[in-house]
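> Contents of data-v1.txt (compact mmCIF, N, CA, C and O atoms and all ligand atoms):
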# COMPACT_ATOMS: atom_id res chain seq x y z
N MET M 1 -7.66 -17.25 174.62
CA MET M 1 -8.91 -17.47 173.89
C MET M 1 -9.80 -18.43 174.68
O MET M 1 -9.34 -19.45 175.19
N ALA M 2 -11.05 -18.06 174.79
CA ALA M 2 -11.99 -18.88 175.55
C ALA M 2 -12.29 -20.19 174.82
O ALA M 2 -12.42 -20.21 173.60
N VAL M 3 -12.36 -21.23 175.57
CA VAL M 3 -12.69 -22.53 175.00
C VAL M 3 -14.21 -22.73 175.09
O VAL M 3 -14.78 -22.58 176.17
N MET M 4 -14.81 -22.99 173.95
CA MET M 4 -16.25 -23.22 173.95
C MET M 4 -16.55 -24.63 174.47
O MET M 4 -16.05 -25.61 173.92
N THR M 5 -17.28 -24.70 175.53
CA THR M 5 -17.67 -26.01 176.03
C THR M 5 -19.15 -26.19 175.77
O THR M 5 -19.94 -25.25 175.91
N HIS M 6 -19.51 -27.40 175.40
CA HIS M 6 -20.91 -27.68 175.11
C HIS M 6 -21.61 -28.07 176.41
O HIS M 6 -21.49 -29.18 176.88
N THR M 7 -22.27 -27.12 177.00
CA THR M 7 -22.95 -27.41 178.27
C THR M 7 -24.45 -27.49 178.06
O THR M 7 -25.02 -26.71 177.30
N GLN M 8 -25.06 -28.40 178.70
CA GLN M 8 -26.50 -28.61 178.61
C GLN M 8 -27.14 -27.80 179.74
O GLN M 8 -27.29 -28.28 180.84
N ASN M 9 -27.41 -26.52 179.45
CA ASN M 9 -27.99 -25.71 180.52
C ASN M 9 -29.50 -25.58 180.41
O ASN M 9 -30.13 -24.87 181.17
N ARG M 10 -30.07 -26.28 179.46
CA ARG M 10 -31.53 -26.36 179.41
C ARG M 10 -31.93 -27.80 179.65
O ARG M 10 -31.19 -28.72 179.28
N PRO M 11 -33.09 -28.03 180.24
CA PRO M 11 -33.47 -29.41 180.58
C PRO M 11 -33.78 -30.23 179.32
O PRO M 11 -34.13 -29.67 178.29
N SER M 12 -33.67 -31.55 179.43
CA SER M 12 -34.04 -32.41 178.31
C SER M 12 -35.48 -32.88 178.46
O SER M 12 -35.98 -33.64 177.64
N SER M 13 -36.13 -32.43 179.54
CA SER M 13 -37.52 -32.83 179.78
C SER M 13 -38.22 -31.72 180.58
O SER M 13 -37.63 -31.14 181.48
N VAL M 14 -39.44 -31.40 180.21
CA VAL M 14 -40.22 -30.42 180.97
C VAL M 14 -41.61 -30.99 181.25
O VAL M 14 -42.03 -31.97 180.63
N ASP M 15 -42.29 -30.37 182.20
CA ASP M 15 -43.65 -30.79 182.57
C ASP M 15 -44.64 -30.01 181.70
O ASP M 15 -44.68 -28.78 181.74
N TYR M 16 -45.43 -30.75 180.94
CA TYR M 16 -46.43 -30.14 180.06
C TYR M 16 -47.34 -29.17 180.81
O TYR M 16 -47.72 -28.13 180.29
N ARG M 17 -47.65 -29.50 182.05
CA ARG M 17 -48.56 -28.67 182.86
C ARG M 17 -47.93 -27.34 183.26
O ARG M 17 -48.64 -26.43 183.69
N ASP M 18 -46.61 -27.23 183.13
CA ASP M 18 -45.94 -25.96 183.44
C ASP M 18 -46.05 -24.96 182.29
O ASP M 18 -45.72 -23.79 182.46
N LEU M 19 -46.50 -25.43 181.13
CA LEU M 19 -46.67 -24.54 179.99
C LEU M 19 -48.02 -23.82 180.11
O LEU M 19 -48.94 -24.33 180.73
N THR M 20 -48.10 -22.65 179.50
CA THR M 20 -49.38 -21.95 179.50
C THR M 20 -50.35 -22.67 178.56
O THR M 20 -49.93 -23.48 177.72
N ALA M 21 -51.64 -22.39 178.69
CA ALA M 21 -52.65 -23.02 177.83
C ALA M 21 -52.34 -22.75 176.37
O ALA M 21 -52.47 -23.63 175.51
N ALA M 22 -51.91 -21.52 176.06
CA ALA M 22 -51.59 -21.16 174.68
C ALA M 22 -50.39 -21.97 174.19
O ALA M 22 -50.37 -22.44 173.04
N GLN M 23 -49.39 -22.13 175.04
CA GLN M 23 -48.21 -22.92 174.66
C GLN M 23 -48.59 -24.39 174.46
O GLN M 23 -48.09 -25.05 173.54
N GLN M 24 -49.46 -24.90 175.32
CA GLN M 24 -49.90 -26.29 175.19
C GLN M 24 -50.62 -26.52 173.87
O GLN M 24 -50.38 -27.51 173.17
N ASP M 25 -51.49 -25.58 173.49
CA ASP M 25 -52.23 -25.68 172.22
C ASP M 25 -51.27 -25.67 171.04
O ASP M 25 -51.39 -26.47 170.11
N ARG M 26 -50.30 -24.75 171.11
CA ARG M 26 -49.33 -24.60 170.03
C ARG M 26 -48.47 -25.86 169.92
O ARG M 26 -48.20 -26.34 168.83
N LEU M 27 -48.07 -26.37 171.06
CA LEU M 27 -47.23 -27.57 171.08
C LEU M 27 -47.97 -28.75 170.45
O LEU M 27 -47.42 -29.47 169.61
N THR M 28 -49.22 -28.92 170.83
CA THR M 28 -50.03 -30.01 170.28
C THR M 28 -50.18 -29.85 168.78
O THR M 28 -50.05 -30.82 168.02
N GLN M 29 -50.41 -28.60 168.36
CA GLN M 29 -50.59 -28.31 166.94
C GLN M 29 -49.32 -28.64 166.14
O GLN M 29 -49.38 -29.28 165.08
N ILE M 30 -48.17 -28.22 166.65
CA ILE M 30 -46.91 -28.46 165.93
C ILE M 30 -46.60 -29.96 165.90
O ILE M 30 -46.14 -30.49 164.89
N LEU M 31 -46.87 -30.65 167.00
CA LEU M 31 -46.63 -32.10 167.01
C LEU M 31 -47.52 -32.81 166.00
O LEU M 31 -47.09 -33.76 165.35
N GLU M 32 -48.75 -32.33 165.84
CA GLU M 32 -49.64 -32.94 164.84
C GLU M 32 -49.11 -32.71 163.42
O GLU M 32 -49.14 -33.61 162.58
N LEU M 33 -48.61 -31.50 163.17
CA LEU M 33 -48.03 -31.20 161.85
C LEU M 33 -46.81 -32.09 161.60
O LEU M 33 -46.63 -32.62 160.51
N ALA M 34 -45.99 -32.25 162.64
CA ALA M 34 -44.79 -33.09 162.52
C ALA M 34 -45.17 -34.54 162.27
O ALA M 34 -44.52 -35.24 161.49
N ASP M 35 -46.24 -34.97 162.92
CA ASP M 35 -46.69 -36.36 162.76
C ASP M 35 -47.15 -36.62 161.32
O ASP M 35 -46.98 -37.72 160.81
N ASP M 36 -47.71 -35.60 160.69
CA ASP M 36 -48.32 -35.75 159.37
C ASP M 36 -47.40 -35.46 158.18
O ASP M 36 -47.68 -35.90 157.07
N THR M 37 -46.35 -34.68 158.40
CA THR M 37 -45.56 -34.23 157.24
C THR M 37 -44.84 -35.38 156.56
O THR M 37 -44.46 -36.36 157.20
N SER M 38 -44.68 -35.27 155.24
CA SER M 38 -43.94 -36.30 154.52
C SER M 38 -42.54 -35.78 154.15
O SER M 38 -41.80 -36.41 153.42
N ASP M 39 -42.21 -34.61 154.66
CA ASP M 39 -40.93 -33.96 154.33
C ASP M 39 -40.02 -33.98 155.55
O ASP M 39 -40.36 -33.41 156.58
N SER M 40 -38.89 -34.65 155.44
CA SER M 40 -38.03 -34.81 156.62
C SER M 40 -37.40 -33.48 157.05
O SER M 40 -37.17 -33.25 158.23
N GLY M 41 -37.16 -32.58 156.09
CA GLY M 41 -36.64 -31.27 156.45
C GLY M 41 -37.65 -30.48 157.26
O GLY M 41 -37.31 -29.84 158.26
N GLU M 42 -38.91 -30.56 156.84
CA GLU M 42 -39.97 -29.88 157.58
C GLU M 42 -40.13 -30.53 158.96
O GLU M 42 -40.32 -29.84 159.96
N TYR M 43 -40.04 -31.83 158.99
CA TYR M 43 -40.14 -32.55 160.28
C TYR M 43 -39.08 -32.04 161.26
O TYR M 43 -39.39 -31.70 162.40
N ASN M 44 -37.84 -31.95 160.79
CA ASN M 44 -36.76 -31.46 161.65
C ASN M 44 -37.01 -30.04 162.12
O ASN M 44 -36.75 -29.71 163.28
N SER M 45 -37.52 -29.20 161.22
CA SER M 45 -37.80 -27.81 161.58
C SER M 45 -38.92 -27.73 162.61
O SER M 45 -38.85 -26.95 163.56
N LEU M 46 -39.95 -28.54 162.42
CA LEU M 46 -41.06 -28.55 163.38
C LEU M 46 -40.58 -29.03 164.75
O LEU M 46 -40.99 -28.50 165.78
N MET M 47 -39.68 -30.01 164.75
CA MET M 47 -39.13 -30.51 166.02
C MET M 47 -38.35 -29.41 166.74
O MET M 47 -38.43 -29.29 167.96
N LEU M 48 -37.60 -28.63 165.97
CA LEU M 48 -36.87 -27.51 166.58
C LEU M 48 -37.86 -26.49 167.16
O LEU M 48 -37.62 -25.88 168.20
N GLY M 49 -38.99 -26.33 166.47
CA GLY M 49 -40.04 -25.42 166.95
C GLY M 49 -40.64 -25.90 168.25
O GLY M 49 -40.84 -25.12 169.19
N VAL M 50 -40.91 -27.19 168.33
CA VAL M 50 -41.46 -27.77 169.57
C VAL M 50 -40.45 -27.60 170.71
O VAL M 50 -40.81 -27.22 171.83
N ALA M 51 -39.19 -27.86 170.40
CA ALA M 51 -38.14 -27.75 171.41
C ALA M 51 -38.05 -26.32 171.93
O ALA M 51 -37.97 -26.09 173.15
N ALA M 52 -38.07 -25.35 171.02
CA ALA M 52 -37.98 -23.94 171.42
C ALA M 52 -39.18 -23.56 172.29
O ALA M 52 -39.04 -22.87 173.30
N LEU M 53 -40.34 -24.04 171.90
CA LEU M 53 -41.56 -23.74 172.64
C LEU M 53 -41.50 -24.31 174.05
O LEU M 53 -41.88 -23.66 175.02
N ALA M 54 -41.01 -25.53 174.16
CA ALA M 54 -40.96 -26.20 175.47
C ALA M 54 -39.75 -25.75 176.30
O ALA M 54 -39.70 -25.97 177.50
N GLY M 55 -38.76 -25.11 175.64
CA GLY M 55 -37.57 -24.71 176.35
C GLY M 55 -36.56 -25.84 176.51
O GLY M 55 -35.77 -25.87 177.44
N ILE M 56 -36.62 -26.78 175.56
CA ILE M 56 -35.70 -27.91 175.57
C ILE M 56 -34.67 -27.69 174.46
O ILE M 56 -35.03 -27.22 173.38
N HIS M 57 -33.42 -28.02 174.74
CA HIS M 57 -32.40 -27.89 173.70
C HIS M 57 -32.22 -29.21 172.95
O HIS M 57 -31.95 -30.23 173.57
N ILE M 58 -32.39 -29.16 171.64
CA ILE M 58 -32.06 -30.34 170.82
C ILE M 58 -31.21 -29.88 169.65
O ILE M 58 -31.22 -28.72 169.27
N GLU M 59 -30.47 -30.81 169.08
CA GLU M 59 -29.74 -30.53 167.85
C GLU M 59 -30.71 -30.75 166.69
O GLU M 59 -31.70 -31.46 166.83
N ARG M 60 -30.39 -30.17 165.52
CA ARG M 60 -31.20 -30.43 164.34
C ARG M 60 -31.17 -31.94 164.07
O ARG M 60 -30.11 -32.55 164.09
N GLY M 61 -32.33 -32.53 163.84
CA GLY M 61 -32.40 -33.97 163.66
C GLY M 61 -32.88 -34.66 164.93
O GLY M 61 -33.21 -35.83 164.91
N GLY M 62 -32.89 -33.91 166.05
CA GLY M 62 -33.40 -34.45 167.30
C GLY M 62 -34.92 -34.42 167.31
O GLY M 62 -35.55 -33.85 166.41
N GLU M 63 -35.50 -35.03 168.31
CA GLU M 63 -36.96 -35.09 168.41
C GLU M 63 -37.41 -34.74 169.82
O GLU M 63 -36.75 -35.08 170.79
N VAL M 64 -38.56 -34.08 169.89
CA VAL M 64 -39.21 -33.83 171.18
C VAL M 64 -40.56 -34.52 171.14
O VAL M 64 -41.31 -34.37 170.18
N LEU M 65 -40.85 -35.30 172.15
CA LEU M 65 -42.09 -36.07 172.19
C LEU M 65 -42.83 -35.83 173.49
O LEU M 65 -42.23 -35.45 174.49
N ARG M 66 -44.11 -36.09 173.47
CA ARG M 66 -44.87 -36.16 174.72
C ARG M 66 -44.84 -37.61 175.16
O ARG M 66 -44.97 -38.52 174.36
N CYS M 67 -44.72 -37.81 176.46
CA CYS M 67 -44.67 -39.16 176.99
C CYS M 67 -46.00 -39.87 176.72
O CYS M 67 -47.07 -39.31 176.94
N SER M 68 -45.91 -41.10 176.18
CA SER M 68 -47.11 -41.87 175.84
C SER M 68 -47.37 -42.98 176.85
O SER M 68 -48.08 -43.94 176.57
N CYS M 69 -46.80 -42.84 178.04
CA CYS M 69 -46.97 -43.86 179.07
C CYS M 69 -48.41 -43.92 179.57
O CYS M 69 -49.12 -42.92 179.57
N THR M 70 -48.82 -45.11 179.97
CA THR M 70 -50.18 -45.30 180.48
C THR M 70 -50.40 -44.59 181.82
O THR M 70 -51.54 -44.47 182.27
N CYS M 71 -49.34 -44.13 182.48
CA CYS M 71 -49.51 -43.43 183.76
C CYS M 71 -49.93 -41.97 183.55
O CYS M 71 -50.04 -41.21 184.49
N VAL M 72 -50.21 -41.58 182.30
CA VAL M 72 -50.62 -40.22 181.97
C VAL M 72 -49.58 -39.22 182.49
O VAL M 72 -49.90 -38.29 183.22
N CYS M 73 -48.37 -39.49 182.10
CA CYS M 73 -47.22 -38.68 182.47
C CYS M 73 -47.23 -37.35 181.72
O CYS M 73 -47.57 -37.32 180.55
N PRO M 74 -46.93 -36.25 182.38
CA PRO M 74 -46.95 -34.94 181.72
C PRO M 74 -45.65 -34.55 181.04
O PRO M 74 -45.49 -33.42 180.61
N ALA M 75 -44.71 -35.48 180.93
CA ALA M 75 -43.39 -35.12 180.41
C ALA M 75 -43.40 -34.81 178.91
O ALA M 75 -44.02 -35.51 178.12
N VAL M 76 -42.72 -33.73 178.56
CA VAL M 76 -42.37 -33.42 177.17
C VAL M 76 -40.86 -33.56 177.17
O VAL M 76 -40.18 -32.89 177.94
N PHE M 77 -40.33 -34.45 176.36
CA PHE M 77 -38.93 -34.81 176.51
C PHE M 77 -38.18 -34.98 175.19
O PHE M 77 -38.79 -35.24 174.16
N GLU M 78 -36.88 -34.83 175.27
CA GLU M 78 -36.04 -35.10 174.11
C GLU M 78 -35.95 -36.60 173.93
O GLU M 78 -35.67 -37.34 174.89
N ASN M 79 -36.21 -37.06 172.71
CA ASN M 79 -36.16 -38.49 172.45
C ASN M 79 -34.71 -38.98 172.46
O ASN M 79 -33.89 -38.52 171.68
N THR M 80 -34.41 -39.87 173.39
CA THR M 80 -33.07 -40.45 173.48
C THR M 80 -33.21 -41.96 173.57
O THR M 80 -34.33 -42.49 173.64
N ARG M 81 -32.10 -42.65 173.61
CA ARG M 81 -32.16 -44.11 173.70
C ARG M 81 -32.67 -44.56 175.07
O ARG M 81 -32.99 -45.73 175.25
N ASP M 82 -32.72 -43.64 176.02
CA ASP M 82 -33.26 -43.99 177.35
C ASP M 82 -34.78 -44.03 177.36
O ASP M 82 -35.39 -44.54 178.29
N ALA M 83 -35.41 -43.44 176.34
CA ALA M 83 -36.86 -43.54 176.22
C ALA M 83 -37.17 -44.94 175.68
O ALA M 83 -36.29 -45.65 175.22
N ARG M 84 -38.44 -45.33 175.76
CA ARG M 84 -38.78 -46.69 175.40
C ARG M 84 -40.05 -46.71 174.55
O ARG M 84 -41.04 -46.06 174.88
N THR M 85 -40.02 -47.45 173.45
CA THR M 85 -41.17 -47.51 172.56
C THR M 85 -42.31 -48.29 173.21
O THR M 85 -42.11 -49.39 173.71
N VAL M 86 -43.50 -47.69 173.22
CA VAL M 86 -44.67 -48.27 173.85
C VAL M 86 -45.52 -48.98 172.81
O VAL M 86 -46.14 -50.00 173.06
N GLU M 87 -45.55 -48.39 171.62
CA GLU M 87 -46.47 -48.85 170.59
C GLU M 87 -45.85 -48.52 169.24
O GLU M 87 -45.22 -47.47 169.09
N ALA M 88 -46.04 -49.37 168.24
CA ALA M 88 -45.55 -49.06 166.90
C ALA M 88 -46.32 -47.86 166.35
O ALA M 88 -47.53 -47.76 166.54
N SER M 89 -45.62 -46.95 165.72
CA SER M 89 -46.25 -45.75 165.19
C SER M 89 -46.58 -45.90 163.71
O SER M 89 -45.78 -46.41 162.94
N LEU M 90 -47.78 -45.43 163.32
CA LEU M 90 -48.17 -45.47 161.91
C LEU M 90 -47.78 -44.19 161.20
O LEU M 90 -47.83 -44.09 159.98
N PHE M 91 -47.41 -43.17 161.98
CA PHE M 91 -47.06 -41.88 161.40
C PHE M 91 -45.60 -41.57 161.70
O PHE M 91 -44.80 -42.49 161.83
N ASN M 92 -45.25 -40.29 161.79
CA ASN M 92 -43.84 -39.93 161.99
C ASN M 92 -43.37 -40.04 163.43
O ASN M 92 -42.24 -40.45 163.70
N LEU M 93 -44.22 -39.60 164.35
CA LEU M 93 -43.77 -39.50 165.73
C LEU M 93 -43.73 -40.87 166.40
O LEU M 93 -44.74 -41.57 166.42
N PRO M 94 -42.58 -41.23 166.96
CA PRO M 94 -42.52 -42.48 167.71
C PRO M 94 -43.41 -42.37 168.95
O PRO M 94 -43.57 -41.29 169.50
N ILE M 95 -44.01 -43.48 169.35
CA ILE M 95 -44.86 -43.50 170.54
C ILE M 95 -44.03 -44.11 171.66
O ILE M 95 -43.79 -45.32 171.68
N ARG M 96 -43.55 -43.24 172.56
CA ARG M 96 -42.55 -43.68 173.52
C ARG M 96 -42.82 -43.18 174.94
O ARG M 96 -43.47 -42.16 175.13
N GLN M 97 -42.32 -43.95 175.88
CA GLN M 97 -42.29 -43.50 177.27
C GLN M 97 -41.09 -42.59 177.45
O GLN M 97 -40.04 -42.82 176.84
N CYS M 98 -41.21 -41.61 178.34
CA CYS M 98 -40.06 -40.77 178.65
C CYS M 98 -39.04 -41.62 179.43
O CYS M 98 -39.39 -42.66 179.98
N PRO M 99 -37.78 -41.17 179.49
CA PRO M 99 -36.74 -41.96 180.17
C PRO M 99 -37.10 -42.29 181.62
O PRO M 99 -36.80 -43.39 182.10
N LEU M 100 -37.75 -41.36 182.31
CA LEU M 100 -38.11 -41.60 183.71
C LEU M 100 -39.13 -42.74 183.83
O LEU M 100 -38.98 -43.65 184.66
N CYS M 101 -40.16 -42.71 182.99
CA CYS M 101 -41.15 -43.79 182.99
C CYS M 101 -40.51 -45.11 182.56
O CYS M 101 -40.81 -46.16 183.12
N ALA M 102 -39.64 -45.04 181.55
CA ALA M 102 -38.97 -46.25 181.05
C ALA M 102 -38.16 -46.89 182.16
O ALA M 102 -37.98 -48.11 182.21
N ASP M 103 -37.65 -46.04 183.05
CA ASP M 103 -36.85 -46.53 184.17
C ASP M 103 -37.74 -47.07 185.29
O ASP M 103 -37.47 -48.11 185.87
N ARG M 104 -38.82 -46.37 185.57
CA ARG M 104 -39.67 -46.70 186.72
C ARG M 104 -40.65 -47.83 186.45
O ARG M 104 -40.91 -48.67 187.30
N HIS M 105 -41.28 -47.81 185.29
CA HIS M 105 -42.23 -48.86 184.95
C HIS M 105 -42.19 -49.12 183.45
O HIS M 105 -43.08 -48.70 182.71
N PRO M 106 -41.14 -49.77 183.00
CA PRO M 106 -40.93 -49.99 181.56
C PRO M 106 -42.06 -50.77 180.91
O PRO M 106 -42.54 -51.76 181.47
N ALA M 107 -42.48 -50.32 179.75
CA ALA M 107 -43.45 -51.05 178.94
C ALA M 107 -42.74 -52.21 178.27
O ALA M 107 -41.51 -52.25 178.21
N GLU M 108 -43.51 -53.13 177.76
CA GLU M 108 -42.95 -54.24 177.00
C GLU M 108 -42.12 -53.66 175.86
O GLU M 108 -42.59 -52.79 175.13
N ASP M 109 -40.91 -54.12 175.70
CA ASP M 109 -40.01 -53.51 174.74
C ASP M 109 -40.36 -53.86 173.29
O ASP M 109 -40.43 -55.02 172.94
N LEU M 110 -40.60 -52.84 172.49
CA LEU M 110 -40.94 -53.05 171.08
C LEU M 110 -39.80 -52.67 170.16
O LEU M 110 -39.91 -52.78 168.95
N ASP M 111 -38.72 -52.16 170.73
CA ASP M 111 -37.60 -51.72 169.89
C ASP M 111 -36.92 -52.89 169.19
O ASP M 111 -36.82 -53.96 169.75
ZN ZN B 1 -43.24 -40.34 181.31
ZN ZN B 2 -45.22 -43.58 183.24
Would you put the structure from the file into structure tokens?
Ligand SMILES: [Zn+2]
Ligand SMILES: [Zn+2]

Amino acid sequence: MAVMTHTQNRPSSVDYRDLTAAQQDRLTQILELADDTSDSGEYNSLMLGVAALAGIHIERGGEVLRCSCTCVCPAVFENTRDARTVEASLFNLPIRQCPLCADRHPAEDLD
């Protein structure tokens, strides 16, 4: 019997500029809906939608964010502890640097 191994064969980060204009519009739209919703189930579903659109694999309950770094980074990434909070968020979506930016030029830590 084959043993199922959990392999990460999709990236945890993609370049926003690699998406088509239509995909970029859709991604922005879904992120706005996720930012505004007051329903955590809907939030999780929208996050899965963003992940599918970007081609990133996340588990239910995971988050996909656009990098909010001041370097105008094009990363769309899975939110992990390697990302870094740039600014306190008033809505649902955390405002964070992607892990690469957090590593290269970390913002003042707000976590
Ligand atoms: Zn970044
Ligand atoms: Zn950066």
> So how many Å separate atom N of Ile30 in chain M and atom C of Pro11 in chain M, to one decimal?
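Distance reported for this atom pair: 19.3 Å.
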> For chain M versus ligand ZN 2 (chain B), which residues have an atom no more than 8 Å away, and what is each residue's nearest atom pair and distance in Å rounded to one decimal, using only N, CA, C and O atoms and all ligand atoms, chain-then-number order, as a tab-separated table?

residue	atom	partner	partner_atom	distance
M:Cys67	C	B:ZN2	ZN	7.5
M:Ser68	C	B:ZN2	ZN	6.8
M:Cys69	CA	B:ZN2	ZN	4.5
M:Thr70	N	B:ZN2	ZN	5.1
M:Cys71	N	B:ZN2	ZN	4.2
M:Val72	N	B:ZN2	ZN	5.5
M:Cys73	N	B:ZN2	ZN	5.3
M:Pro74	N	B:ZN2	ZN	7.6
M:Gln97	CA	B:ZN2	ZN	6.7
M:Cys98	N	B:ZN2	ZN	6.6
M:Leu100	C	B:ZN2	ZN	6.2
M:Cys101	CA	B:ZN2	ZN	4.1
M:Ala102	N	B:ZN2	ZN	6.0
M:Asp103	N	B:ZN2	ZN	8.0
M:Arg104	C	B:ZN2	ZN	7.0
M:His105	O	B:ZN2	ZN	5.6
M:Pro106	N	B:ZN2	ZN	7.4
> Store the residues picked out above in a file with N, CA, C and O atoms, as an mmCIF file, in the frame of the given file.

data_model
loop_
_atom_site.group_PDB
_atom_site.id
_atom_site.type_symbol
_atom_site.label_atom_id
_atom_site.label_comp_id
_atom_site.auth_asym_id
_atom_site.auth_seq_id
_atom_site.Cartn_x
_atom_site.Cartn_y
_atom_site.Cartn_z
ATOM 1 N N CYS M 67 -44.720 -37.810 176.460
ATOM 2 C CA CYS M 67 -44.670 -39.160 176.990
ATOM 3 C C CYS M 67 -46.000 -39.870 176.720
ATOM 4 O O CYS M 67 -47.070 -39.310 176.940
ATOM 5 N N SER M 68 -45.910 -41.100 176.180
ATOM 6 C CA SER M 68 -47.110 -41.870 175.840
ATOM 7 C C SER M 68 -47.370 -42.980 176.850
ATOM 8 O O SER M 68 -48.080 -43.940 176.570
ATOM 9 N N CYS M 69 -46.800 -42.840 178.040
ATOM 10 C CA CYS M 69 -46.970 -43.860 179.070
ATOM 11 C C CYS M 69 -48.410 -43.920 179.570
ATOM 12 O O CYS M 69 -49.120 -42.920 179.570
ATOM 13 N N THR M 70 -48.820 -45.110 179.970
ATOM 14 C CA THR M 70 -50.180 -45.300 180.480
ATOM 15 C C THR M 70 -50.400 -44.590 181.820
ATOM 16 O O THR M 70 -51.540 -44.470 182.270
ATOM 17 N N CYS M 71 -49.340 -44.130 182.480
ATOM 18 C CA CYS M 71 -49.510 -43.430 183.760
ATOM 19 C C CYS M 71 -49.930 -41.970 183.550
ATOM 20 O O CYS M 71 -50.040 -41.210 184.490
ATOM 21 N N VAL M 72 -50.210 -41.580 182.300
ATOM 22 C CA VAL M 72 -50.620 -40.220 181.970
ATOM 23 C C VAL M 72 -49.580 -39.220 182.490
ATOM 24 O O VAL M 72 -49.900 -38.290 183.220
ATOM 25 N N CYS M 73 -48.370 -39.490 182.100
ATOM 26 C CA CYS M 73 -47.220 -38.680 182.470
ATOM 27 C C CYS M 73 -47.230 -37.350 181.720
ATOM 28 O O CYS M 73 -47.570 -37.320 180.550
ATOM 29 N N PRO M 74 -46.930 -36.250 182.380
ATOM 30 C CA PRO M 74 -46.950 -34.940 181.720
ATOM 31 C C PRO M 74 -45.650 -34.550 181.040
ATOM 32 O O PRO M 74 -45.490 -33.420 180.610
ATOM 33 N N GLN M 97 -42.320 -43.950 175.880
ATOM 34 C CA GLN M 97 -42.290 -43.500 177.270
ATOM 35 C C GLN M 97 -41.090 -42.590 177.450
ATOM 36 O O GLN M 97 -40.040 -42.820 176.840
ATOM 37 N N CYS M 98 -41.210 -41.610 178.340
ATOM 38 C CA CYS M 98 -40.060 -40.770 178.650
ATOM 39 C C CYS M 98 -39.040 -41.620 179.430
ATOM 40 O O CYS M 98 -39.390 -42.660 179.980
ATOM 41 N N LEU M 100 -37.750 -41.360 182.310
ATOM 42 C CA LEU M 100 -38.110 -41.600 183.710
ATOM 43 C C LEU M 100 -39.130 -42.740 183.830
ATOM 44 O O LEU M 100 -38.980 -43.650 184.660
ATOM 45 N N CYS M 101 -40.160 -42.710 182.990
ATOM 46 C CA CYS M 101 -41.150 -43.790 182.990
ATOM 47 C C CYS M 101 -40.510 -45.110 182.560
ATOM 48 O O CYS M 101 -40.810 -46.160 183.120
ATOM 49 N N ALA M 102 -39.640 -45.040 181.550
ATOM 50 C CA ALA M 102 -38.970 -46.250 181.050
ATOM 51 C C ALA M 102 -38.160 -46.890 182.160
ATOM 52 O O ALA M 102 -37.980 -48.110 182.210
ATOM 53 N N ASP M 103 -37.650 -46.040 183.050
ATOM 54 C CA ASP M 103 -36.850 -46.530 184.170
ATOM 55 C C ASP M 103 -37.740 -47.070 185.290
ATOM 56 O O ASP M 103 -37.470 -48.110 185.870
ATOM 57 N N ARG M 104 -38.820 -46.370 185.570
ATOM 58 C CA ARG M 104 -39.670 -46.700 186.720
ATOM 59 C C ARG M 104 -40.650 -47.830 186.450
ATOM 60 O O ARG M 104 -40.910 -48.670 187.300
ATOM 61 N N HIS M 105 -41.280 -47.810 185.290
ATOM 62 C CA HIS M 105 -42.230 -48.860 184.950
ATOM 63 C C HIS M 105 -42.190 -49.120 183.450
ATOM 64 O O HIS M 105 -43.080 -48.700 182.710
ATOM 65 N N PRO M 106 -41.140 -49.770 183.000
ATOM 66 C CA PRO M 106 -40.930 -49.990 181.560
ATOM 67 C C PRO M 106 -42.060 -50.770 180.910
ATOM 68 O O PRO M 106 -42.540 -51.760 181.470
#
> Running DSSP on the backbone, which parts of range 32-73 of chain M land in alpha helix (DSSP H), as a PyMOL selection string?
chain M and resi 32-36+40-54
> Quick check, in Å to one decimal: how far apart do atom C of Asp18 in chain M and CA of Ile56 in chain M lie?
12.7 Å
> At a cut-off of 5 Å, using all atoms listed in the file, what residues contact Arg66 in chain M? Leave out same-chain residues fewer than 5 positions from it and give the result as a ChimeraX atom specification.
/M:75-76,96
> Closest to ligand ZN 1 (chain B) among M:Asp39, M:Asp25, M:Asp15, M:Glu59, using only C-alpha atoms and all ligand atoms?
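Result for the nearest residue to ligand ZN 1 (chain B): M:Asp15.
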> Record the distance separating CA of Arg17 in chain M and CA of Ser38 in chain M, expressed in Å with one decimal.
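Atom-to-atom, CA of Arg17 in chain M and CA of Ser38 in chain M are spaced 29.7 Å apart.
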> Excluding Leu31 in chain M and residues on its chain fewer than 3 positions from it, collect all residues at most 7 Å away from it, counting all atoms listed in the file, and give them as a ChimeraX atom specification.
/M:25-28,34-36,46,50,64,93
> Hey, which of M:Asp82, M:Gly61, M:Ile95, M:Glu87 ends up closest to Met47 in chain M? Count all atoms listed in the file.
M:Gly61
> Can you work out which one of M:Leu33, M:Ile58, M:Leu65, M:Leu19 has the shortest atom-to-atom distance to Phe77 in chain M, counting all atoms listed in the file?
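Using all atoms listed in the file, the shortest distance to Phe77 in chain M belongs to M:Leu65.
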> Looking at only C-alpha atoms and all ligand atoms, which of M:Gly55, M:Gly41, M:Gly62, M:Pro99 is the one that sits closest to ligand ZN 1 (chain B)?
M:Pro99
